[in-house]
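Visitor: Here you go, one structure.
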Amino acid sequence: MNFKAKIELRGINPYVLVSAARARRIKPDWKRPMPILVQLNGKPDPAWPVNMMPAGDGSFYLYLDGSVRGASGTEVGDTVEVTLVFDDAYRAGPQHEMLPEFASRLDGNPLAKARWDGLTPGLKKEVLRYLANLKSDAARQRNVERAVGVLSGAKERFMARDWN
């Protein structure tokens, strides 16, 4: 599916609104986050996998990651040609291995482990991807500590969100 849209802001997040009619053409009767492949003005190539988020009225927010906007050379306020395709290859749940130090810390903390076990597959996937993509051992260690802390009930932010 191709259409033109203006990149807007929702809070601090750049997005394009995908109407209910367009969403039905991509995947009829889809109610939860929709896995798609996206390009803006034909970039990036290959298309980038993203989950569109339901808006509650049948439409979806297509939040535009900085890497997608960077590859396409676009910014908030630009009108872009959006190309969307349902991502049939998408699989729910974690796709990255759990870091051994994270697994060990969870095993040693029953409260954090129980909370981890109760997270949705999508949130587990997001946390594991975040930890796997950290560049340094110090950053991994620091963020494993923060993850276990928030899963244990600490009142702090982790991955740009409040957990408790």
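Residues in the structure tokens are numbered from 1 in each chain, the chains being A, B, ... in the order shown, and ligands are numbered from 1 in the order shown.
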Quick one: pick out all helix (DSSP H, G or I) residues within segment 64-151 of chain A from a backbone DSSP run and write them as a ChimeraX atom specification.

Guide: /A:66-72,100-107,110-118,121-132,137-151

Visitor: Which residues are near Lys31 of chain A? Cut-off 9 Å, only C-alpha atoms, ignore same chain within fewer than 6 positions. Put them as a ChimeraX atom specification.

Guide: /A:54,56,58

Visitor: Quote the spacing between atom CA of Arg25 of chain A and atom CA of Leu40 of chain A in Å to one decimal place.

Guide: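 Pair atom CA of Arg25 of chain A / atom CA of Leu40 of chain A returns 18.7 Å.
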
Visitor: Quick check for you: according to DSSP on this backbone, which residues of segment 66-135 of chain A are classed as strand (DSSP E)? Reply as an NGL selection string.

Guide: :A and (79-86)

Visitor: Those residues you just picked out, can you put them in a file as a compact mmCIF listing (two decimals), in the first residue's frame with all heavy atoms?

Guide:
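Below is the file that was written, result12.txt:
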# COMPACT_ATOMS: atom_id res chain seq x y z
N THR A 79 6.00 16.02 4.07
CA THR A 79 5.02 15.14 3.45
C THR A 79 5.80 14.07 2.71
O THR A 79 6.71 14.37 1.93
CB THR A 79 4.10 15.91 2.49
OG1 THR A 79 3.38 16.88 3.27
CG2 THR A 79 3.11 14.98 1.81
N VAL A 80 5.46 12.81 2.98
CA VAL A 80 6.23 11.68 2.46
C VAL A 80 5.33 10.68 1.75
O VAL A 80 4.12 10.61 2.01
CB VAL A 80 6.99 10.96 3.59
CG1 VAL A 80 8.05 11.85 4.20
CG2 VAL A 80 6.05 10.47 4.68
N GLU A 81 5.94 9.91 0.89
CA GLU A 81 5.28 8.76 0.27
C GLU A 81 5.54 7.57 1.18
O GLU A 81 6.70 7.17 1.39
CB GLU A 81 5.86 8.50 -1.12
CG GLU A 81 5.27 7.29 -1.82
CD GLU A 81 3.87 7.52 -2.37
OE1 GLU A 81 3.50 8.69 -2.60
OE2 GLU A 81 3.15 6.53 -2.55
N VAL A 82 4.47 7.04 1.78
CA VAL A 82 4.58 5.93 2.72
C VAL A 82 4.24 4.64 1.99
O VAL A 82 3.23 4.56 1.30
CB VAL A 82 3.60 6.11 3.91
CG1 VAL A 82 3.71 4.96 4.90
CG2 VAL A 82 3.83 7.45 4.59
N THR A 83 5.11 3.63 2.13
CA THR A 83 4.86 2.31 1.58
C THR A 83 4.79 1.33 2.74
O THR A 83 5.72 1.25 3.54
CB THR A 83 5.97 1.88 0.60
OG1 THR A 83 6.09 2.87 -0.42
CG2 THR A 83 5.67 0.53 -0.02
N LEU A 84 3.66 0.61 2.85
CA LEU A 84 3.44 -0.35 3.93
C LEU A 84 3.07 -1.71 3.36
O LEU A 84 2.28 -1.80 2.43
CB LEU A 84 2.30 0.10 4.84
CG LEU A 84 2.42 1.45 5.52
CD1 LEU A 84 1.16 1.73 6.32
CD2 LEU A 84 3.63 1.50 6.41
N VAL A 85 3.64 -2.75 3.96
CA VAL A 85 3.30 -4.13 3.61
C VAL A 85 3.21 -4.90 4.93
O VAL A 85 4.07 -4.73 5.81
CB VAL A 85 4.39 -4.77 2.72
CG1 VAL A 85 4.08 -6.22 2.43
CG2 VAL A 85 4.58 -3.98 1.45
N PHE A 86 2.19 -5.73 5.08
CA PHE A 86 2.09 -6.57 6.27
C PHE A 86 3.31 -7.48 6.32
O PHE A 86 3.72 -8.06 5.33
CB PHE A 86 0.80 -7.41 6.25
CG PHE A 86 0.58 -8.17 7.52
CD1 PHE A 86 0.06 -7.53 8.64
CD2 PHE A 86 0.91 -9.51 7.62
CE1 PHE A 86 -0.13 -8.22 9.83
CE2 PHE A 86 0.73 -10.21 8.80
CZ PHE A 86 0.20 -9.56 9.91

Visitor: If you count only C-alpha atoms, which residues fall within 12 Å of Met98 of chain A, apart from same-chain ones fewer than 6 positions away, as a list in words?

Guide: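 The filter keeps Ser104, Arg105, Leu106, Trp116, Lys124, Lys125, Glu126, Val127, Leu128, Arg129, Tyr130, Leu131, Ala132, Asn133, Arg140 and Val144 of chain A.
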
Visitor: Mind checking which residues fall within 10 Å of segment 6-14 of chain A, counting only C-alpha atoms, ignoring those fewer than 6 positions away in the same chain, and posting them as a compact mmCIF listing (two decimals) with N, CA and C atoms, in the first residue's frame?

Guide:
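Saved the output as result-v8.txt:
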# COMPACT_ATOMS: atom_id res chain seq x y z
N TYR A 61 -1.28 4.24 14.66
CA TYR A 61 -0.15 5.16 14.65
C TYR A 61 1.05 4.42 14.10
N LEU A 62 1.65 4.97 13.08
CA LEU A 62 2.89 4.44 12.54
C LEU A 62 4.01 5.34 13.07
N TYR A 63 4.59 4.92 14.21
CA TYR A 63 5.67 5.70 14.80
C TYR A 63 6.93 5.49 13.95
N LEU A 64 7.62 6.59 13.67
CA LEU A 64 8.74 6.56 12.74
C LEU A 64 10.07 6.68 13.48
N ASP A 65 10.72 5.57 13.60
CA ASP A 65 12.02 5.45 14.23
C ASP A 65 13.03 6.39 13.55
N GLY A 66 13.98 6.88 14.31
CA GLY A 66 15.00 7.76 13.77
C GLY A 66 15.78 7.14 12.63
N ARG A 69 13.59 7.54 9.48
CA ARG A 69 13.61 8.94 9.03
C ARG A 69 14.98 9.33 8.51
N THR A 74 14.09 12.39 5.99
CA THR A 74 12.85 13.12 6.29
C THR A 74 12.81 13.58 7.74
N GLU A 75 11.96 14.58 7.98
CA GLU A 75 11.80 15.16 9.31
C GLU A 75 10.33 15.40 9.59
N VAL A 76 10.03 15.72 10.86
CA VAL A 76 8.68 16.11 11.24
C VAL A 76 8.27 17.30 10.38
N GLY A 77 7.05 17.25 9.86
CA GLY A 77 6.52 18.31 9.01
C GLY A 77 6.62 18.00 7.52
N ASP A 78 7.48 17.04 7.15
CA ASP A 78 7.62 16.66 5.74
C ASP A 78 6.42 15.83 5.30
N THR A 79 6.00 16.02 4.07
CA THR A 79 5.02 15.14 3.45
C THR A 79 5.80 14.07 2.71
N VAL A 80 5.46 12.81 2.98
CA VAL A 80 6.23 11.68 2.46
C VAL A 80 5.33 10.68 1.75
N GLU A 81 5.94 9.91 0.89
CA GLU A 81 5.28 8.76 0.27
C GLU A 81 5.54 7.57 1.18
N VAL A 82 4.47 7.04 1.78
CA VAL A 82 4.58 5.93 2.72
C VAL A 82 4.24 4.64 1.99

Visitor: A:Ala71, A:Ala89, A:Leu119, A:Leu99: which is nearest Asn143 of chain A, counting only C-alpha atoms?

Guide: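 Under the stated criterion, the closest residue is A:Leu99.
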
Visitor: With distances taken over only C-alpha atoms, which residue among A:Ile26, A:Ala5, A:Val18, A:Val50 lies nearest Tyr90 of chain A?

Guide: A:Val50

Visitor: Within 6 Å of Ala47 of chain A, counting only C-alpha atoms, which residues qualify if same-chain residues fewer than 2 places away don't, as a list in words?

Guide: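 Non-adjacent residues within range: Leu37, Val38, Gln39, Pro44 and Asp45 of chain A.
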
Visitor: Take atom CA of Lys113 of chain A and atom CA of Lys135 of chain A and report the distance between them in Å, one decimal.

Guide: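 One can read the atom CA of Lys113 of chain A to atom CA of Lys135 of chain A distance as 24.9 Å.
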
Visitor: One decimal, Å: what's the distance from atom CA of Met52 of chain A over to atom CA of Arg115 of chain A, could you say?

Guide: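 The value is 25.7 Å.
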